[in-house]
$ cat structure.cif   # mmCIF, C-alpha atoms
data_target
#
loop_
_atom_site.label_atom_id
_atom_site.label_comp_id
_atom_site.auth_asym_id
_atom_site.auth_seq_id
_atom_site.Cartn_x
_atom_site.Cartn_y
_atom_site.Cartn_z
CA MET A 1 89.39 85.06 98.99
CA THR A 2 91.15 84.11 102.22
CA THR A 3 94.30 85.98 103.16
CA GLY A 4 97.21 84.23 104.89
CA SER A 5 98.93 87.34 106.27
CA THR A 6 98.71 91.12 106.23
CA ALA A 7 101.45 91.11 103.57
CA ASP A 8 98.94 89.50 101.20
CA LEU A 9 96.69 92.54 101.58
CA PHE A 10 99.30 95.03 100.39
CA PRO A 11 99.00 94.28 96.65
CA ARG A 12 95.23 94.79 96.90
CA LEU A 13 95.68 98.10 98.71
CA VAL A 14 98.31 99.24 96.22
CA ALA A 15 95.92 98.41 93.37
CA MET A 16 93.20 100.49 95.05
CA GLN A 17 95.71 103.31 95.60
CA LYS A 18 96.50 103.32 91.88
CA GLN A 19 92.79 103.15 91.05
CA CYS A 20 92.14 106.47 92.79
CA GLY A 21 95.55 107.99 92.05
CA ALA A 22 96.42 108.46 95.73
CA ASP A 23 99.79 109.31 97.26
CA GLY A 24 99.34 106.83 100.08
CA PHE A 25 96.95 104.62 102.05
CA ALA A 26 96.32 103.50 105.61
CA VAL A 27 94.03 100.99 107.31
CA LEU A 28 92.77 102.55 110.53
CA SER A 29 91.40 100.35 113.31
CA ALA A 30 89.07 102.04 115.79
CA ARG A 31 89.34 101.61 119.52
CA GLU A 32 85.95 102.29 121.05
CA ARG A 33 85.39 104.97 123.66
CA THR A 34 84.73 103.56 127.15
CA LEU A 35 84.43 104.93 130.66
CA LEU A 36 88.09 104.08 131.22
CA ALA A 37 89.59 105.03 127.87
CA VAL A 38 89.04 107.54 125.12
CA GLY A 39 88.38 106.27 121.63
CA ASN A 40 91.10 106.54 119.04
CA LEU A 41 92.22 105.35 115.63
CA ASP A 42 95.34 103.21 115.25
CA ILE A 43 97.14 102.60 111.97
CA SER A 44 97.07 98.84 111.30
CA MET A 45 98.69 99.00 107.86
CA LYS A 46 100.05 101.80 105.74
CA SER A 47 102.00 102.62 102.63
CA PRO A 48 105.63 103.76 103.13
CA GLY A 49 105.86 107.29 104.52
CA CYS A 50 102.10 107.55 105.00
CA GLU A 51 102.42 109.07 108.49
CA VAL A 52 103.13 112.46 106.93
CA LEU A 53 99.84 112.24 105.06
CA SER A 54 97.64 110.65 107.72
CA GLU A 55 98.72 112.28 110.99
CA PRO A 56 97.53 115.86 110.21
CA LEU A 57 94.04 114.58 109.36
CA LEU A 58 93.84 112.26 112.36
CA LYS A 59 95.05 114.96 114.72
CA VAL A 60 92.31 117.37 113.69
CA GLN A 61 89.48 115.02 112.71
CA SER A 62 89.83 112.00 115.02
CA ASP A 63 86.73 112.75 117.14
CA PHE A 64 84.61 113.40 114.08
CA LEU A 65 85.84 110.23 112.38
CA LEU A 66 84.96 108.06 115.38
CA LYS A 67 81.50 109.61 115.58
CA HIS A 68 80.95 109.16 111.85
CA LEU A 69 81.96 105.51 112.11
CA GLU A 70 79.23 104.96 114.69
CA THR A 71 76.50 106.83 112.85
CA SER A 72 76.98 106.54 109.09
CA PRO A 73 78.22 104.02 106.48
CA ARG A 74 78.91 106.74 103.90
CA PRO A 75 82.46 107.35 102.68
CA LEU A 76 84.09 110.61 103.71
CA LEU A 77 85.55 112.88 101.06
CA TYR A 78 87.72 115.77 102.22
CA THR A 79 88.01 117.91 99.10
CA ASP A 80 87.41 121.22 97.40
CA ILE A 81 87.02 119.48 94.01
CA PRO A 82 83.44 119.45 92.61
CA VAL A 83 81.78 116.04 92.94
CA ALA A 84 78.73 114.73 91.09
CA GLU A 85 75.55 115.02 93.15
CA PRO A 86 73.90 113.16 94.70
CA SER A 87 77.05 111.49 95.93
CA PRO A 88 77.27 108.37 98.13
CA ALA A 89 80.02 110.20 100.02
CA THR A 90 79.72 112.73 102.82
CA LEU A 91 81.58 115.82 101.64
CA ARG A 92 83.74 117.66 104.16
CA PRO A 93 84.89 121.23 103.51
CA GLU A 94 87.97 120.86 105.70
CA VAL A 95 90.93 119.91 103.54
CA VAL A 96 94.52 119.26 104.57
CA ASP A 97 96.94 121.42 102.56
CA GLY A 98 94.40 121.65 99.76
CA ARG A 99 94.59 117.95 98.92
CA THR A 100 91.79 115.38 98.57
CA ASP A 101 91.50 112.56 101.11
CA LEU A 102 89.07 109.65 100.87
CA LEU A 103 88.07 107.49 103.85
CA PHE A 104 85.80 104.43 103.73
CA PRO A 105 84.14 103.48 107.03
CA VAL A 106 83.72 99.78 107.78
CA ASN A 107 81.67 98.69 110.79
CA LEU A 108 81.73 94.93 111.39
CA GLY A 109 80.01 94.95 114.78
CA ALA A 110 81.65 92.77 117.41
CA MET A 111 84.46 91.86 115.01
CA GLY A 112 85.63 95.49 114.95
CA ASN A 113 85.56 98.57 112.76
CA GLY A 114 87.67 101.29 111.23
CA PHE A 115 88.53 103.07 107.99
CA VAL A 116 90.37 102.20 104.79
CA SER A 117 91.84 105.56 103.80
CA PHE A 118 93.52 107.08 100.77
CA PHE A 119 95.42 110.36 100.93
CA GLY A 120 96.28 112.84 98.20
CA VAL A 121 93.73 111.45 95.74
CA ARG A 122 94.14 112.82 92.21
CA SER A 123 91.72 110.75 90.12
CA ALA A 124 88.25 112.04 89.25
CA ILE A 125 85.92 110.97 92.07
CA ASP A 126 82.66 109.69 90.62
CA ASN A 127 79.98 107.54 92.22
CA GLU A 128 81.06 104.36 90.43
CA LEU A 129 84.60 104.69 91.79
CA LEU A 130 83.34 105.39 95.32
CA VAL A 131 81.07 102.34 95.35
CA ASP A 132 83.76 100.04 93.95
CA LEU A 133 86.44 101.19 96.41
CA HIS A 134 84.02 100.94 99.34
CA ARG A 135 83.15 97.36 98.41
CA LYS A 136 86.83 96.46 98.28
CA SER A 137 87.44 98.29 101.59
CA LEU A 138 84.90 96.04 103.33
CA SER A 139 86.87 92.99 102.26
CA ILE A 140 90.21 94.54 103.25
CA MET A 141 89.00 95.48 106.74
CA ARG A 142 87.36 92.10 107.31
CA GLU A 143 90.61 90.32 106.45
CA THR A 144 92.68 92.75 108.55
CA LEU A 145 90.57 92.12 111.64
CA ARG A 146 90.42 88.39 111.02
CA LEU A 147 94.21 88.23 110.96
CA ALA A 148 94.56 90.53 113.98
CA PHE A 149 92.27 88.46 116.19
CA GLY A 150 92.89 85.01 114.74
CA VAL A 151 89.34 84.52 113.50
CA THR A 152 89.22 81.55 111.13
CA PRO A 153 86.53 81.51 108.41
CA ILE A 154 84.12 78.58 108.72
CA ALA A 155 85.09 77.38 105.25
CA ASP A 156 88.68 76.86 106.48
CA LYS A 157 87.47 74.69 109.37
CA LEU A 158 85.87 72.08 107.10
CA ASN A 159 88.12 69.52 105.45
CA GLU A 160 87.79 68.36 101.86
CA ARG A 161 85.87 65.18 102.69
CA GLU A 162 83.36 67.02 104.89
CA ILE A 163 82.66 69.52 102.12
CA GLU A 164 82.41 66.74 99.54
CA CYS A 165 79.91 64.77 101.64
CA LEU A 166 77.84 67.90 102.31
CA GLN A 167 77.75 68.66 98.60
CA LEU A 168 76.57 65.17 97.71
CA VAL A 169 73.87 65.20 100.39
CA GLY A 170 72.81 68.57 99.03
CA ASN A 171 72.57 66.93 95.62
CA GLY A 172 70.05 64.48 97.07
CA MET A 173 72.26 61.44 97.67
CA LYS A 174 71.90 59.10 100.67
CA SER A 175 74.82 58.09 102.88
CA GLU A 176 74.96 54.63 101.28
CA ALA A 177 75.26 56.09 97.78
CA ILE A 178 77.85 58.61 98.94
CA GLY A 179 79.88 55.79 100.50
CA GLU A 180 79.85 53.84 97.25
CA LYS A 181 80.81 56.91 95.22
CA LEU A 182 83.68 57.90 97.51
CA ASN A 183 84.69 54.35 98.46
CA LEU A 184 83.91 55.02 102.12
CA SER A 185 81.86 53.11 104.69
CA VAL A 186 78.44 54.45 105.64
CA HIS A 187 79.78 55.00 109.16
CA THR A 188 82.63 57.16 107.84
CA VAL A 189 80.29 59.20 105.62
CA ASN A 190 77.97 59.84 108.58
CA ALA A 191 80.98 60.81 110.71
CA TYR A 192 82.05 63.39 108.12
CA LEU A 193 78.52 64.75 107.90
CA GLY A 194 78.25 64.90 111.69
CA SER A 195 81.51 66.78 112.12
CA ALA A 196 80.56 69.20 109.32
CA THR A 197 77.22 69.84 110.98
CA THR A 198 78.97 70.59 114.28
CA LYS A 199 81.53 72.92 112.68
CA LEU A 200 78.71 74.80 110.95
CA ASP A 201 76.95 75.15 114.34
CA SER A 202 73.82 73.51 112.94
CA VAL A 203 71.26 71.22 114.57
CA ASN A 204 70.92 68.82 111.63
CA ARG A 205 72.12 68.07 108.11
CA ILE A 206 69.43 70.13 106.45
CA GLN A 207 70.40 73.25 108.37
CA ALA A 208 74.09 72.53 107.76
CA ILE A 209 73.53 72.25 104.01
CA ALA A 210 71.49 75.48 103.95
CA LYS A 211 74.21 77.31 105.87
CA ALA A 212 76.97 75.90 103.66
CA ILE A 213 75.12 77.09 100.55
CA ARG A 214 74.59 80.53 102.08
CA LEU A 215 78.31 80.79 102.92
CA GLY A 216 79.32 79.65 99.45
CA ILE A 217 81.02 76.48 100.75
CA ILE A 218 78.92 74.24 98.48
CA ALA A 219 76.84 74.97 95.40
#
$ encode --input "structure.cif" --output "structure tokens"
Amino acid sequence: MTTGSTADLFPRLVAMQKQCGADGFAVLSARERTLLAVGNLDISMKSPGCEVLSEPLLKVQSDFLLKHLETSPRPLLYTDIPVAEPSPATLRPEVVDGRTDLLFPVNLGAMGNGFVSFFGVRSAIDNELLVDLHRKSLSIMRETLRLAFGVTPIADKLNEREIECLQLVGNGMKSEAIGEKLNLSVHTVNAYLGSATTKLDSVNRIQAIAKAIRLGIIA
């Protein structure tokens, strides 16, 4: 699902917040450590009043969080509540004011990375909940970074005719047959297929179709 703005992400984050019974949430974007600048975590999105919940943890644990983001994909669970073992989360004994905080690391390589975090979690934390929330966190962070840097999904770059022609070629039809079906000239069909191939950064139609199938653009 493609998101038009960060406002569209809030209902999804609120639903996740309710799912784990949290008092608040924050999406944290990581700024990598370089020779000229120290690494840090910036709040990209947050629930109202979340600074009170997030700042104590970030102040104390920022260095550890950045290191964990580089070395492990496992969620972080700051809690003194017993959790089923083995757990997909890394348990941390340090708790802030005795509450439970849950942070999901997302590392998207060159696109960026960070955490989707929930503070003051009250729901029972089992493995099924952790896996489900982590999966949703990947989608949230990907959309957040896409919006921040103006990255447009490939599917959005293809127009309806290009996708339609790709689908029909994938179904085994020749350009002439596609033209008759869509009431287009063979030249126009080939133009649509050529532009789709270019947008998919492919060397030929076969590679373009394979990539479109892999990306879920065509069936």
$ residues_around --input "structure.cif" --residues "Glu51 of chain A" --least-positions-apart "5" --cutoff "10 Å" --atoms "only C-alpha atoms" --output "list in words"
Gly24, Phe25, Ala26, Ile43, Lys46, Pro56 and Leu58 of chain A
$ residues_around --input "structure.cif" --residues "Ser195 of chain A" --least-positions-apart "5" --cutoff "9 Å" --atoms "all atoms listed in the file" --output "list in words"
Leu158, Glu162, Asn190 and Leu200 of chain A
$ resolve_selection --input "structure.cif" --expression "the PyMOL selection byres ((chain A and resi 10-19) around 10)" --output "ChimeraX atom specification"
/A:5-9,20-27,45-47,116-123,129,132-133,136-137,140
$ write_last_selection --input "structure.cif" --atoms "C-alpha atoms" --output "CSV table (one decimal), keeping the file's coordinate frame"
chain,number,residue,atom,x,y,z
A,5,SER,CA,98.9,87.3,106.3
A,6,THR,CA,98.7,91.1,106.2
A,7,ALA,CA,101.4,91.1,103.6
A,8,ASP,CA,98.9,89.5,101.2
A,9,LEU,CA,96.7,92.5,101.6
A,20,CYS,CA,92.1,106.5,92.8
A,21,GLY,CA,95.6,108.0,92.0
A,22,ALA,CA,96.4,108.5,95.7
A,23,ASP,CA,99.8,109.3,97.3
A,24,GLY,CA,99.3,106.8,100.1
A,25,PHE,CA,97.0,104.6,102.0
A,26,ALA,CA,96.3,103.5,105.6
A,27,VAL,CA,94.0,101.0,107.3
A,45,MET,CA,98.7,99.0,107.9
A,46,LYS,CA,100.0,101.8,105.7
A,47,SER,CA,102.0,102.6,102.6
A,116,VAL,CA,90.4,102.2,104.8
A,117,SER,CA,91.8,105.6,103.8
A,118,PHE,CA,93.5,107.1,100.8
A,119,PHE,CA,95.4,110.4,100.9
A,120,GLY,CA,96.3,112.8,98.2
A,121,VAL,CA,93.7,111.4,95.7
A,122,ARG,CA,94.1,112.8,92.2
A,123,SER,CA,91.7,110.8,90.1
A,129,LEU,CA,84.6,104.7,91.8
A,132,ASP,CA,83.8,100.0,94.0
A,133,LEU,CA,86.4,101.2,96.4
A,136,LYS,CA,86.8,96.5,98.3
A,137,SER,CA,87.4,98.3,101.6
A,140,ILE,CA,90.2,94.5,103.2
$ atom_distance --input "structure.cif" --atom1 "atom CA of Val52 of chain A" --atom2 "atom CA of Asp101 of chain A"
13.0 Å
$ atom_distance --input "structure.cif" --atom1 "atom CA of Ser29 of chain A" --atom2 "atom CA of Gly112 of chain A"
7.7 Å
$ decode --input "structure.cif" --residues "segment 166-199 of chain A" --atoms "N, CA, C and O atoms" --output "short mmCIF file (atom, residue, chain, number, x, y, z; two decimals), in the first residue's frame"
data_model
loop_
_atom_site.label_atom_id
_atom_site.label_comp_id
_atom_site.auth_asym_id
_atom_site.auth_seq_id
_atom_site.Cartn_x
_atom_site.Cartn_y
_atom_site.Cartn_z
N LEU A 166 2.23 -4.81 -20.51
CA LEU A 166 3.15 -5.77 -19.89
C LEU A 166 2.41 -7.04 -19.48
O LEU A 166 2.89 -8.16 -19.68
N GLN A 167 1.22 -6.86 -18.89
CA GLN A 167 0.45 -8.01 -18.44
C GLN A 167 0.07 -8.91 -19.62
O GLN A 167 0.19 -10.15 -19.54
N LEU A 168 -0.34 -8.30 -20.70
CA LEU A 168 -0.77 -9.09 -21.86
C LEU A 168 0.41 -9.80 -22.52
O LEU A 168 0.28 -10.95 -22.96
N VAL A 169 1.56 -9.15 -22.58
CA VAL A 169 2.76 -9.82 -23.09
C VAL A 169 3.12 -10.98 -22.17
O VAL A 169 3.48 -12.07 -22.62
N GLY A 170 3.00 -10.75 -20.88
CA GLY A 170 3.25 -11.82 -19.92
C GLY A 170 2.29 -12.97 -20.06
O GLY A 170 2.62 -14.12 -19.73
N ASN A 171 1.10 -12.68 -20.59
CA ASN A 171 0.12 -13.74 -20.83
C ASN A 171 0.38 -14.48 -22.14
O ASN A 171 -0.37 -15.40 -22.49
N GLY A 172 1.42 -14.04 -22.88
CA GLY A 172 1.79 -14.74 -24.11
C GLY A 172 1.30 -14.10 -25.39
O GLY A 172 1.45 -14.69 -26.46
N MET A 173 0.75 -12.90 -25.32
CA MET A 173 0.22 -12.25 -26.51
C MET A 173 1.30 -11.46 -27.25
O MET A 173 2.20 -10.90 -26.63
N LYS A 174 1.18 -11.42 -28.58
CA LYS A 174 2.08 -10.62 -29.42
C LYS A 174 1.57 -9.19 -29.51
O LYS A 174 0.41 -8.90 -29.19
N SER A 175 2.43 -8.29 -29.96
CA SER A 175 2.07 -6.88 -30.06
C SER A 175 0.85 -6.66 -30.94
O SER A 175 -0.02 -5.83 -30.64
N GLU A 176 0.76 -7.41 -32.06
CA GLU A 176 -0.37 -7.27 -32.96
C GLU A 176 -1.68 -7.62 -32.26
O GLU A 176 -2.69 -6.91 -32.39
N ALA A 177 -1.68 -8.71 -31.51
CA ALA A 177 -2.88 -9.14 -30.80
C ALA A 177 -3.25 -8.16 -29.69
O ALA A 177 -4.43 -7.88 -29.45
N ILE A 178 -2.22 -7.63 -29.03
CA ILE A 178 -2.47 -6.64 -27.97
C ILE A 178 -3.09 -5.39 -28.57
O ILE A 178 -4.04 -4.80 -28.02
N GLY A 179 -2.57 -4.95 -29.74
CA GLY A 179 -3.12 -3.79 -30.42
C GLY A 179 -4.59 -3.97 -30.76
O GLY A 179 -5.41 -3.06 -30.58
N GLU A 180 -4.93 -5.15 -31.26
CA GLU A 180 -6.33 -5.42 -31.61
C GLU A 180 -7.21 -5.42 -30.36
O GLU A 180 -8.32 -4.88 -30.36
N LYS A 181 -6.71 -6.00 -29.29
CA LYS A 181 -7.49 -6.10 -28.05
C LYS A 181 -7.72 -4.72 -27.43
O LYS A 181 -8.82 -4.43 -26.92
N LEU A 182 -6.70 -3.87 -27.47
CA LEU A 182 -6.78 -2.56 -26.82
C LEU A 182 -7.13 -1.43 -27.80
O LEU A 182 -7.17 -0.27 -27.39
N ASN A 183 -7.33 -1.80 -29.07
CA ASN A 183 -7.64 -0.82 -30.10
C ASN A 183 -6.52 0.21 -30.23
O ASN A 183 -6.74 1.42 -30.28
N LEU A 184 -5.29 -0.32 -30.27
CA LEU A 184 -4.09 0.51 -30.42
C LEU A 184 -3.30 0.02 -31.62
O LEU A 184 -3.42 -1.13 -32.04
N SER A 185 -2.48 0.90 -32.20
CA SER A 185 -1.59 0.47 -33.28
C SER A 185 -0.44 -0.35 -32.70
O SER A 185 -0.12 -0.23 -31.50
N VAL A 186 0.17 -1.17 -33.53
CA VAL A 186 1.33 -1.96 -33.10
C VAL A 186 2.45 -1.04 -32.62
O VAL A 186 3.12 -1.32 -31.63
N HIS A 187 2.62 0.08 -33.32
CA HIS A 187 3.65 1.05 -32.94
C HIS A 187 3.42 1.57 -31.52
O HIS A 187 4.36 1.69 -30.72
N THR A 188 2.15 1.89 -31.21
CA THR A 188 1.83 2.42 -29.88
C THR A 188 2.04 1.37 -28.81
O THR A 188 2.57 1.67 -27.73
N VAL A 189 1.65 0.13 -29.09
CA VAL A 189 1.86 -0.97 -28.13
C VAL A 189 3.34 -1.12 -27.84
O VAL A 189 3.76 -1.23 -26.68
N ASN A 190 4.16 -1.14 -28.91
CA ASN A 190 5.61 -1.30 -28.72
C ASN A 190 6.20 -0.11 -27.97
O ASN A 190 7.17 -0.27 -27.21
N ALA A 191 5.62 1.09 -28.18
CA ALA A 191 6.10 2.27 -27.46
C ALA A 191 5.82 2.12 -25.97
O ALA A 191 6.67 2.44 -25.12
N TYR A 192 4.62 1.64 -25.61
CA TYR A 192 4.29 1.42 -24.22
C TYR A 192 5.21 0.37 -23.59
O TYR A 192 5.70 0.53 -22.46
N LEU A 193 5.45 -0.69 -24.33
CA LEU A 193 6.32 -1.75 -23.81
C LEU A 193 7.75 -1.26 -23.66
O LEU A 193 8.45 -1.62 -22.70
N GLY A 194 8.20 -0.42 -24.60
CA GLY A 194 9.55 0.12 -24.51
C GLY A 194 9.72 1.06 -23.32
O GLY A 194 10.72 0.98 -22.60
N SER A 195 8.73 1.92 -23.09
CA SER A 195 8.84 2.84 -21.96
C SER A 195 8.74 2.09 -20.63
O SER A 195 9.44 2.43 -19.67
N ALA A 196 7.91 1.05 -20.58
CA ALA A 196 7.81 0.23 -19.36
C ALA A 196 9.13 -0.48 -19.08
O ALA A 196 9.58 -0.55 -17.94
N THR A 197 9.76 -0.98 -20.13
CA THR A 197 11.04 -1.66 -19.97
C THR A 197 12.10 -0.70 -19.43
O THR A 197 12.89 -1.05 -18.55
N THR A 198 12.09 0.53 -19.93
CA THR A 198 13.05 1.54 -19.47
C THR A 198 12.80 1.90 -18.01
O THR A 198 13.73 1.99 -17.20
N LYS A 199 11.52 2.12 -17.65
CA LYS A 199 11.19 2.50 -16.28
C LYS A 199 11.54 1.38 -15.28
O LYS A 199 11.86 1.65 -14.12
#
